[in-house]
>>> print(open('start-v4.pdb').read())   # PDB, C-alpha atoms
ATOM      1  CA  MET A   1       0.619   9.169 -19.217
ATOM      2  CA  GLU A   2      -2.264   6.847 -18.733
ATOM      3  CA  ILE A   3      -5.469   6.437 -16.804
ATOM      4  CA  ALA A   4      -5.821   3.592 -14.292
ATOM      5  CA  VAL A   5      -9.099   2.091 -13.157
ATOM      6  CA  ILE A   6      -9.540  -0.041 -10.034
ATOM      7  CA  GLY A   7     -12.778  -1.730  -9.078
ATOM      8  CA  ASN A   8     -14.763  -4.912  -9.386
ATOM      9  CA  SER A   9     -14.701  -6.753 -12.701
ATOM     10  CA  GLU A  10     -18.016  -5.277 -13.796
ATOM     11  CA  PHE A  11     -16.848  -1.730 -13.139
ATOM     12  CA  ILE A  12     -13.602  -2.037 -15.061
ATOM     13  CA  LEU A  13     -15.022  -3.875 -18.063
ATOM     14  CA  GLY A  14     -16.549  -0.761 -19.567
ATOM     15  CA  PHE A  15     -13.303   1.129 -19.210
ATOM     16  CA  ARG A  16     -11.495  -1.658 -20.996
ATOM     17  CA  LEU A  17     -13.955  -1.183 -23.814
ATOM     18  CA  ALA A  18     -12.955   2.472 -23.958
ATOM     19  CA  GLY A  19      -9.368   1.330 -24.432
ATOM     20  CA  ILE A  20      -7.866   1.758 -20.971
ATOM     21  CA  ARG A  21      -5.189  -0.868 -20.384
ATOM     22  CA  LYS A  22      -4.403  -0.292 -16.731
ATOM     23  CA  THR A  23      -7.521  -1.795 -15.275
ATOM     24  CA  TYR A  24      -7.232  -3.833 -12.104
ATOM     25  CA  ALA A  25      -9.954  -6.145 -10.882
ATOM     26  CA  ALA A  26     -10.022  -6.005  -7.098
ATOM     27  CA  GLU A  27     -12.318  -8.672  -5.719
ATOM     28  CA  ASN A  28     -11.530  -8.222  -2.027
ATOM     29  CA  ASP A  29     -10.344  -5.466   0.286
ATOM     30  CA  GLU A  30      -6.734  -6.636   0.465
ATOM     31  CA  LYS A  31      -6.395  -6.712  -3.299
ATOM     32  CA  LEU A  32      -8.050  -3.291  -3.485
ATOM     33  CA  ILE A  33      -5.542  -1.702  -1.130
ATOM     34  CA  GLN A  34      -2.669  -3.474  -2.851
ATOM     35  CA  PHE A  35      -3.724  -2.187  -6.286
ATOM     36  CA  ILE A  36      -4.342   1.346  -5.023
ATOM     37  CA  THR A  37      -0.913   1.654  -3.409
ATOM     38  CA  GLY A  38       0.597   0.160  -6.555
ATOM     39  CA  ALA A  39      -1.152   2.740  -8.736
ATOM     40  CA  LEU A  40      -0.067   5.596  -6.459
ATOM     41  CA  ASP A  41       3.555   4.551  -6.917
ATOM     42  CA  ASP A  42       3.243   4.108 -10.662
ATOM     43  CA  ALA A  43       4.764   7.147 -12.352
ATOM     44  CA  GLU A  44       2.898   6.424 -15.571
ATOM     45  CA  VAL A  45      -0.541   6.865 -13.978
ATOM     46  CA  GLY A  46      -1.909  10.393 -14.320
ATOM     47  CA  ILE A  47      -5.497   9.813 -13.261
ATOM     48  CA  LEU A  48      -6.793   7.080 -10.989
ATOM     49  CA  VAL A  49     -10.467   6.213 -11.276
ATOM     50  CA  LEU A  50     -12.221   4.465  -8.394
ATOM     51  CA  ASN A  51     -15.768   3.510  -7.581
ATOM     52  CA  SER A  52     -16.994   5.621  -4.673
ATOM     53  CA  LYS A  53     -18.219   2.465  -2.916
ATOM     54  CA  ASP A  54     -14.658   1.118  -2.996
ATOM     55  CA  MET A  55     -13.363   4.464  -1.858
ATOM     56  CA  GLU A  56     -15.427   4.113   1.314
ATOM     57  CA  ARG A  57     -14.018   0.642   1.928
ATOM     58  CA  VAL A  58     -10.350   1.570   2.119
ATOM     59  CA  PRO A  59      -8.845   2.572   5.485
ATOM     60  CA  ARG A  60      -9.312   6.185   6.532
ATOM     61  CA  ARG A  61      -5.602   6.904   6.306
ATOM     62  CA  LEU A  62      -5.383   5.802   2.693
ATOM     63  CA  GLN A  63      -8.594   7.692   1.920
ATOM     64  CA  VAL A  64      -7.021  10.929   3.082
ATOM     65  CA  THR A  65      -3.926  10.237   0.986
ATOM     66  CA  LEU A  66      -6.128   9.630  -2.034
ATOM     67  CA  GLU A  67      -8.152  12.774  -1.473
ATOM     68  CA  ASN A  68      -5.073  14.942  -1.200
ATOM     69  CA  SER A  69      -3.131  13.300  -3.995
ATOM     70  CA  VAL A  70      -2.499  15.557  -6.968
ATOM     71  CA  LYS A  71      -0.356  13.236  -9.027
ATOM     72  CA  PRO A  72      -2.086  10.967  -9.786
ATOM     73  CA  THR A  73      -5.386  12.761  -9.426
ATOM     74  CA  VAL A  74      -7.935  10.440  -7.864
ATOM     75  CA  ILE A  75     -11.511  10.603  -9.085
ATOM     76  CA  ALA A  76     -14.261   8.604  -7.389
ATOM     77  CA  ILE A  77     -17.375   8.114  -9.475
ATOM     78  CA  GLY A  78     -20.772   6.590  -8.926
ATOM     79  CA  GLY A  79     -21.670   8.210  -5.638
ATOM     80  CA  GLU A  80     -24.296  10.889  -5.201
ATOM     81  CA  GLU A  81     -22.164  13.018  -2.946
ATOM     82  CA  GLY A  82     -18.860  13.175  -4.731
ATOM     83  CA  GLY A  83     -17.580  16.259  -3.038
ATOM     84  CA  ALA A  84     -17.893  15.531   0.673
ATOM     85  CA  SER A  85     -14.188  15.953   1.293
ATOM     86  CA  MET A  86     -14.037  18.907  -1.073
ATOM     87  CA  ARG A  87     -16.832  20.526   0.891
ATOM     88  CA  GLU A  88     -14.841  20.181   4.095
ATOM     89  CA  LYS A  89     -11.772  21.665   2.438
ATOM     90  CA  ILE A  90     -13.687  24.656   1.114
ATOM     91  CA  LYS A  91     -15.200  25.257   4.529
ATOM     92  CA  ARG A  92     -11.774  25.210   6.121
ATOM     93  CA  SER A  93     -10.003  27.400   3.577
ATOM     94  CA  VAL A  94     -12.619  29.958   2.658
ATOM     95  CA  GLY A  95     -14.649  29.819   5.831
ATOM     96  CA  VAL A  96     -18.015  29.511   4.101
ATOM     97  CA  ASP A  97     -19.774  26.445   2.744
ATOM     98  CA  LEU A  98     -19.893  27.270  -0.948
ATOM     99  CA  TRP A  99     -20.527  23.800  -2.317
ATOM    100  CA  LYS A 100     -24.141  23.697  -3.578
TER
ATOM    101  CA  MET B   1       8.786  39.798  21.290
ATOM    102  CA  ALA B   2       8.465  40.470  24.962
ATOM    103  CA  LEU B   3       8.605  44.092  25.993
ATOM    104  CA  ARG B   4      11.441  43.646  28.482
ATOM    105  CA  ASP B   5      13.764  42.350  25.735
ATOM    106  CA  ILE B   6      13.621  45.646  23.896
ATOM    107  CA  LYS B   7      16.408  48.108  24.333
ATOM    108  CA  PRO B   8      14.946  51.611  24.439
ATOM    109  CA  THR B   9      17.405  53.221  22.079
ATOM    110  CA  ARG B  10      16.917  55.534  19.163
ATOM    111  CA  SER B  11      18.507  53.157  16.651
ATOM    112  CA  GLU B  12      16.171  50.383  17.790
ATOM    113  CA  LEU B  13      13.243  52.733  17.252
ATOM    114  CA  ILE B  14      14.333  53.509  13.704
ATOM    115  CA  ALA B  15      14.796  49.797  12.925
ATOM    116  CA  LEU B  16      11.350  49.027  14.343
ATOM    117  CA  LYS B  17       9.702  51.736  12.282
ATOM    118  CA  ARG B  18      11.275  50.234   9.192
ATOM    119  CA  ARG B  19      10.070  46.772  10.091
ATOM    120  CA  ILE B  20       6.540  48.055  10.654
ATOM    121  CA  ALA B  21       6.499  49.759   7.270
ATOM    122  CA  LEU B  22       7.733  46.569   5.601
ATOM    123  CA  SER B  23       5.206  44.369   7.403
ATOM    124  CA  GLU B  24       2.366  46.657   6.446
ATOM    125  CA  ARG B  25       3.404  46.637   2.825
ATOM    126  CA  GLY B  26       3.663  42.846   2.853
ATOM    127  CA  TYR B  27       0.300  42.619   4.565
ATOM    128  CA  LYS B  28      -1.388  44.702   1.876
ATOM    129  CA  ILE B  29       0.150  42.684  -0.939
ATOM    130  CA  LEU B  30      -0.753  39.350   0.660
ATOM    131  CA  LYS B  31      -4.289  40.530   1.270
ATOM    132  CA  MET B  32      -4.618  41.380  -2.406
ATOM    133  CA  LYS B  33      -3.211  37.968  -3.313
ATOM    134  CA  ARG B  34      -5.734  36.260  -1.050
ATOM    135  CA  ASP B  35      -8.638  38.172  -2.601
ATOM    136  CA  GLY B  36      -7.376  37.404  -6.086
ATOM    137  CA  LEU B  37      -7.080  33.708  -5.295
ATOM    138  CA  ILE B  38     -10.590  33.597  -3.909
ATOM    139  CA  LEU B  39     -11.907  35.247  -7.081
ATOM    140  CA  GLU B  40     -10.116  32.614  -9.190
ATOM    141  CA  PHE B  41     -11.521  29.946  -6.925
ATOM    142  CA  PHE B  42     -15.076  31.162  -7.491
ATOM    143  CA  LYS B  43     -14.601  30.816 -11.240
ATOM    144  CA  ILE B  44     -13.346  27.244 -10.874
ATOM    145  CA  LEU B  45     -16.080  26.361  -8.388
ATOM    146  CA  GLU B  46     -18.810  26.940 -10.953
ATOM    147  CA  GLN B  47     -17.016  24.730 -13.461
ATOM    148  CA  ALA B  48     -16.475  22.047 -10.837
ATOM    149  CA  LYS B  49     -20.153  21.896  -9.962
ATOM    150  CA  ASP B  50     -21.083  21.530 -13.640
ATOM    151  CA  SER B  51     -18.474  18.887 -14.330
ATOM    152  CA  ARG B  52     -19.489  16.827 -11.293
ATOM    153  CA  GLY B  53     -23.097  16.728 -12.463
ATOM    154  CA  GLU B  54     -22.061  15.868 -15.978
ATOM    155  CA  LEU B  55     -19.760  13.118 -14.756
ATOM    156  CA  LEU B  56     -22.538  11.521 -12.739
ATOM    157  CA  ALA B  57     -24.988  11.666 -15.636
ATOM    158  CA  LYS B  58     -22.470  10.135 -18.017
ATOM    159  CA  TYR B  59     -21.589   7.407 -15.542
ATOM    160  CA  ARG B  60     -25.241   6.479 -15.155
ATOM    161  CA  ARG B  61     -25.687   6.341 -18.918
ATOM    162  CA  ALA B  62     -22.574   4.232 -19.324
ATOM    163  CA  VAL B  63     -23.704   1.734 -16.695
ATOM    164  CA  GLU B  64     -27.095   1.517 -18.345
ATOM    165  CA  THR B  65     -25.711   0.795 -21.798
ATOM    166  CA  MET B  66     -23.328  -1.710 -20.264
ATOM    167  CA  ALA B  67     -26.201  -3.626 -18.707
ATOM    168  CA  PHE B  68     -27.968  -3.509 -22.033
ATOM    169  CA  ALA B  69     -24.946  -4.865 -23.894
ATOM    170  CA  ASN B  70     -24.494  -7.600 -21.297
ATOM    171  CA  THR B  71     -28.061  -8.714 -21.843
ATOM    172  CA  ILE B  72     -27.783  -8.803 -25.615
ATOM    173  CA  GLU B  73     -24.259 -10.089 -26.096
ATOM    174  CA  GLY B  74     -23.763 -11.992 -22.874
ATOM    175  CA  ALA B  75     -20.944 -11.267 -20.469
ATOM    176  CA  ILE B  76     -18.408 -13.215 -22.510
ATOM    177  CA  GLY B  77     -19.266 -11.382 -25.719
ATOM    178  CA  VAL B  78     -18.710  -8.018 -24.068
ATOM    179  CA  LYS B  79     -15.493  -9.210 -22.451
ATOM    180  CA  SER B  80     -14.037 -10.504 -25.683
ATOM    181  CA  ALA B  81     -14.838  -7.214 -27.402
ATOM    182  CA  ALA B  82     -13.270  -5.316 -24.510
ATOM    183  CA  PHE B  83     -10.039  -7.288 -24.665
ATOM    184  CA  SER B  84      -9.586  -6.645 -28.357
ATOM    185  CA  VAL B  85      -9.523  -2.861 -28.037
ATOM    186  CA  LYS B  86      -5.980  -1.778 -28.800
ATOM    187  CA  GLU B  87      -5.876   2.001 -28.929
ATOM    188  CA  VAL B  88      -4.921   3.340 -25.502
ATOM    189  CA  PRO B  89      -6.131   6.804 -24.497
ATOM    190  CA  GLN B  90      -3.143   8.939 -23.636
ATOM    191  CA  ILE B  91      -3.109  11.962 -21.395
ATOM    192  CA  ASP B  92      -0.544  14.688 -21.306
ATOM    193  CA  LEU B  93       0.086  16.753 -18.204
ATOM    194  CA  LYS B  94       1.112  20.359 -18.705
ATOM    195  CA  SER B  95       1.250  23.058 -16.104
ATOM    196  CA  LYS B  96      -0.376  26.454 -15.952
ATOM    197  CA  ASN B  97       0.225  29.290 -13.513
ATOM    198  CA  ILE B  98      -2.627  31.004 -11.663
ATOM    199  CA  MET B  99      -1.254  33.770  -9.410
ATOM    200  CA  GLY B 100       1.816  31.749  -8.522
ATOM    201  CA  VAL B 101      -0.047  28.474  -8.087
ATOM    202  CA  VAL B 102       1.033  25.795 -10.505
ATOM    203  CA  VAL B 103      -2.010  23.904 -11.737
ATOM    204  CA  PRO B 104      -2.108  21.059 -14.227
ATOM    205  CA  GLU B 105      -3.551  21.288 -17.676
ATOM    206  CA  ILE B 106      -4.503  17.855 -18.938
ATOM    207  CA  GLU B 107      -4.667  17.151 -22.618
ATOM    208  CA  SER B 108      -6.020  13.909 -23.881
ATOM    209  CA  SER B 109      -5.742  12.078 -27.149
ATOM    210  CA  LYS B 110      -7.206   8.925 -28.665
ATOM    211  CA  VAL B 111     -10.127   8.855 -26.256
ATOM    212  CA  LYS B 112     -12.894   8.874 -28.823
ATOM    213  CA  LYS B 113     -12.329   6.400 -31.569
ATOM    214  CA  SER B 114     -14.118   5.624 -34.768
ATOM    215  CA  LEU B 115     -15.906   2.322 -35.156
ATOM    216  CA  VAL B 116     -13.083   0.789 -37.191
ATOM    217  CA  ASP B 117     -10.317   1.883 -34.818
ATOM    218  CA  ARG B 118     -11.875   0.203 -31.809
ATOM    219  CA  GLY B 119     -10.369  -3.133 -32.751
ATOM    220  CA  TYR B 120     -13.220  -5.580 -32.291
ATOM    221  CA  GLY B 121     -14.957  -7.079 -35.259
ATOM    222  CA  VAL B 122     -17.836  -4.961 -36.478
ATOM    223  CA  LEU B 123     -19.655  -7.885 -38.042
ATOM    224  CA  GLY B 124     -19.391 -10.163 -35.048
ATOM    225  CA  THR B 125     -20.908  -7.756 -32.558
ATOM    226  CA  THR B 126     -24.146  -5.851 -32.239
ATOM    227  CA  SER B 127     -24.646  -2.123 -32.027
ATOM    228  CA  ALA B 128     -25.120  -2.455 -28.248
ATOM    229  CA  ILE B 129     -21.355  -2.902 -27.915
ATOM    230  CA  ASP B 130     -20.712   0.189 -30.036
ATOM    231  CA  GLU B 131     -23.043   2.223 -27.900
ATOM    232  CA  THR B 132     -21.436   1.032 -24.698
ATOM    233  CA  ALA B 133     -17.968   1.795 -26.022
ATOM    234  CA  LEU B 134     -19.108   5.261 -27.039
ATOM    235  CA  ALA B 135     -20.729   5.897 -23.650
ATOM    236  CA  PHE B 136     -17.556   4.864 -21.839
ATOM    237  CA  GLU B 137     -15.367   6.936 -24.127
ATOM    238  CA  GLU B 138     -17.519   9.939 -23.277
ATOM    239  CA  LEU B 139     -17.257   9.060 -19.599
ATOM    240  CA  VAL B 140     -13.463   8.944 -19.820
ATOM    241  CA  GLU B 141     -13.468  12.375 -21.436
ATOM    242  CA  ALA B 142     -15.628  13.723 -18.619
ATOM    243  CA  ILE B 143     -13.294  12.125 -16.056
ATOM    244  CA  ILE B 144     -10.252  13.773 -17.610
ATOM    245  CA  GLU B 145     -11.965  17.159 -17.586
ATOM    246  CA  SER B 146     -13.096  16.901 -13.996
ATOM    247  CA  ALA B 147      -9.692  15.592 -12.916
ATOM    248  CA  GLU B 148      -8.146  18.800 -14.199
ATOM    249  CA  ILE B 149     -10.722  20.989 -12.490
ATOM    250  CA  GLU B 150     -10.550  19.147  -9.183
ATOM    251  CA  THR B 151      -6.780  19.255  -9.024
ATOM    252  CA  THR B 152      -6.873  22.964  -9.761
ATOM    253  CA  MET B 153      -9.368  23.416  -6.950
ATOM    254  CA  LYS B 154      -7.264  21.436  -4.485
ATOM    255  CA  ARG B 155      -4.155  23.446  -5.267
ATOM    256  CA  LEU B 156      -6.013  26.771  -5.085
ATOM    257  CA  LEU B 157      -7.570  25.852  -1.750
ATOM    258  CA  GLU B 158      -4.191  24.948  -0.283
ATOM    259  CA  GLU B 159      -2.731  28.238  -1.449
ATOM    260  CA  ILE B 160      -5.714  30.216  -0.135
ATOM    261  CA  GLU B 161      -5.319  28.579   3.252
ATOM    262  CA  SER B 162      -1.627  29.338   3.588
ATOM    263  CA  THR B 163      -2.063  32.901   2.316
ATOM    264  CA  LYS B 164      -4.889  33.443   4.757
ATOM    265  CA  ARG B 165      -2.711  32.212   7.591
ATOM    266  CA  ARG B 166       0.050  34.584   6.623
ATOM    267  CA  VAL B 167      -2.331  37.540   6.318
ATOM    268  CA  ASN B 168      -3.856  36.799   9.713
ATOM    269  CA  ALA B 169      -0.473  36.298  11.355
ATOM    270  CA  LEU B 170       0.673  39.680  10.079
ATOM    271  CA  GLU B 171      -2.557  41.439  10.978
ATOM    272  CA  PHE B 172      -3.102  40.021  14.446
ATOM    273  CA  LYS B 173       0.346  39.019  15.646
ATOM    274  CA  VAL B 174       3.312  40.634  13.920
ATOM    275  CA  ILE B 175       2.087  44.170  13.316
ATOM    276  CA  PRO B 176       0.443  44.667  16.762
ATOM    277  CA  GLU B 177       3.578  43.405  18.516
ATOM    278  CA  LEU B 178       5.817  45.696  16.531
ATOM    279  CA  THR B 179       3.638  48.743  17.161
ATOM    280  CA  GLU B 180       3.516  47.886  20.837
ATOM    281  CA  ALA B 181       7.312  47.749  20.947
ATOM    282  CA  ARG B 182       7.552  51.031  19.070
ATOM    283  CA  ASP B 183       5.206  52.782  21.508
ATOM    284  CA  PHE B 184       7.143  51.359  24.420
ATOM    285  CA  ILE B 185      10.448  52.721  23.114
ATOM    286  CA  LYS B 186       8.893  56.102  22.376
ATOM    287  CA  MET B 187       7.527  56.406  25.880
ATOM    288  CA  ARG B 188      10.736  55.220  27.434
ATOM    289  CA  LEU B 189      12.763  57.733  25.437
ATOM    290  CA  ASP B 190      10.407  60.540  26.404
ATOM    291  CA  GLU B 191      10.683  59.516  30.015
ATOM    292  CA  MET B 192      14.472  59.526  29.830
ATOM    293  CA  GLU B 193      14.418  62.998  28.317
ATOM    294  CA  ARG B 194      12.239  64.305  31.119
ATOM    295  CA  GLU B 195      14.530  62.709  33.705
ATOM    296  CA  GLU B 196      17.502  64.355  32.069
ATOM    297  CA  LEU B 197      15.802  67.749  32.086
ATOM    298  CA  PHE B 198      14.823  67.402  35.697
ATOM    299  CA  ARG B 199      18.379  66.394  36.642
ATOM    300  CA  LEU B 200      19.788  69.431  34.840
ATOM    301  CA  LYS B 201      17.415  71.716  36.681
ATOM    302  CA  LYS B 202      18.418  70.177  40.003
ATOM    303  CA  ILE B 203      22.114  70.683  39.270
ATOM    304  CA  LYS B 204      21.471  74.220  38.154
ATOM    305  CA  ALA B 205      19.558  75.001  41.355
ATOM    306  CA  ARG B 206      22.396  73.637  43.498
ATOM    307  CA  SER B 207      25.138  75.566  41.722
ATOM    308  CA  VAL B 208      23.405  78.901  42.142
TER
END
>>> encode(input="start-v4.pdb", output="structure tokens")
Amino acid sequence: MEIAVIGNSEFILGFRLAGIRKTYAAENDEKLIQFITGALDDAEVGILVLNSKDMERVPRRLQVTLENSVKPTVIAIGGEEGGASMREKIKRSVGVDLWK
Amino acid sequence: MALRDIKPTRSELIALKRRIALSERGYKILKMKRDGLILEFFKILEQAKDSRGELLAKYRRAVETMAFANTIEGAIGVKSAAFSVKEVPQIDLKSKNIMGVVVPEIESSKVKKSLVDRGYGVLGTTSAIDETALAFEELVEAIIESAEIETTMKRLLEEIESTKRRVNALEFKVIPELTEARDFIKMRLDEMEREELFRLKKIKARSV
């Protein structure tokens, strides 16, 4: 399985340097959504890496799908608060806010 | 179960007692499972916090070195080096079982490469490119690690939630209703016995 990276051209360039082939340059919102849905359907993608700024730009519905997706696992990097959704989940399941 | 649907018979009482015993046993086991899952979750939580911090630090470093390389080599230089990298990092998904929850175990290969294996010309590029490549390779490793941990956390949380629901349903809904029904049948049977006794006494008094 492989890792896929979606983001602007600057973001994905570094990952290309690390050898990742499935990098998609999304310059506008439509392209972004198109690439994300494509990556979710791709059986070869095990981990999907997104910029957290892009993550905020996609529609809420898709965001929820991404957050709950296990295969591929979606990781958003770059943001300070990476675990906002995780925090909510922990609160709901355990009943106490344990994050930080 | 509404009380009026219950037939106050002895066989019903025996069946109810059995169901109560079974529910209580299930309740105890599920409660233990829930506690066990929460303990596992605490272990993972610590790891998750660490890996998040590490991921952020590595991302910042990678972006920094990238900016540095862009300044020295120019955007085209970096791009051409990036397109010549051939070795693709591969990940392998295996599964592990934590208390009945299937969680993934991700193994990676070919993430960190030696200078020669990277594919771009060593002579034609500066060390800034090497550093950037190294920083991003480290970042990818951190991403793989935190992907594993986060998926494990998601799965555990889902399982904790459903187990908690089951425990609560048994504790506050199923068991109280069953005991209520049992008490109702008991009282009804007692009442019927008293009626019977009274009737017998009446008949006896008349026949004398």
>>> interface_residues(input="start-v4.pdb", of="chain A", to="chain B", cutoff="9 Å", atoms="all atoms listed in the file", output="PyMOL selection string")
chain A and resi 1-3+11+13-21+46-47+49+68-71+73-75+77-80+82-83+86+89-90+92-94+98-100
>>> closest_residue(input="start-v4.pdb", among="A:Val96, A:Ile12, A:Ala4, A:Val58", to="Ile33 of chain A", atoms="all atoms listed in the file")
A:Val58
>>> axis_aligned_box(input="start-v4.pdb", around="segment 84-98 of chain A", padding_each_side="5 Å", output="JSON")
{"center_x": -14.9, "center_y": 22.7, "center_z": 2.5, "size_x": 19.9, "size_y": 24.4, "size_z": 17.2}
>>> atom_distance(input="start-v4.pdb", atom1="atom CA of Met187 of chain B", atom2="atom CA of Ile20 of chain B")
17.4 Å
>>> atom_distance(input="start-v4.pdb", atom1="atom CA of Tyr24 of chain A", atom2="atom CA of Ile6 of chain A")
4.9 Å
>>> atom_distance(input="start-v4.pdb", atom1="atom CA of Asp41 of chain A", atom2="atom CA of Ser109 of chain B")
23.5 Å
>>> resolve_selection(input="start-v4.pdb", expression="the PyMOL selection byres ((chain A and resi 38) around 12)", output="PyMOL selection string")
chain A and resi 4-6+22+24+31-37+39-45+48+72
>>> closest_residue(input="start-v4.pdb", among="A:Arg57, A:Asp97, A:Leu50, A:Ser9", to="Asp29 of chain A", atoms="all atoms listed in the file")
A:Arg57
>>> residues_around(input="start-v4.pdb", residues="Lys17 of chain B", least_positions_apart="6", cutoff="12 Å", atoms="all atoms listed in the file", output="PyMOL selection string")
chain B and resi 10-11+23-24+175+178-183+185-186
>>> write_last_selection(input="start-v4.pdb", atoms="C-alpha atoms", output="PDB file, in the frame of the given file")
ATOM      1  CA  ARG B  10      16.917  55.534  19.163  1.00  0.00           C
ATOM      2  CA  SER B  11      18.507  53.157  16.651  1.00  0.00           C
ATOM      3  CA  SER B  23       5.206  44.369   7.403  1.00  0.00           C
ATOM      4  CA  GLU B  24       2.366  46.657   6.446  1.00  0.00           C
ATOM      5  CA  ILE B 175       2.087  44.170  13.316  1.00  0.00           C
ATOM      6  CA  LEU B 178       5.817  45.696  16.531  1.00  0.00           C
ATOM      7  CA  THR B 179       3.638  48.743  17.161  1.00  0.00           C
ATOM      8  CA  GLU B 180       3.516  47.886  20.837  1.00  0.00           C
ATOM      9  CA  ALA B 181       7.312  47.749  20.947  1.00  0.00           C
ATOM     10  CA  ARG B 182       7.552  51.031  19.070  1.00  0.00           C
ATOM     11  CA  ASP B 183       5.206  52.782  21.508  1.00  0.00           C
ATOM     12  CA  ILE B 185      10.448  52.721  23.114  1.00  0.00           C
ATOM     13  CA  LYS B 186       8.893  56.102  22.376  1.00  0.00           C
TER      14      LYS B 186
END
>>> closest_residue(input="start-v4.pdb", among="B:Lys7, B:Arg25, B:Arg18, B:Arg34", to="Asn168 of chain B", atoms="only C-alpha atoms")
B:Arg34
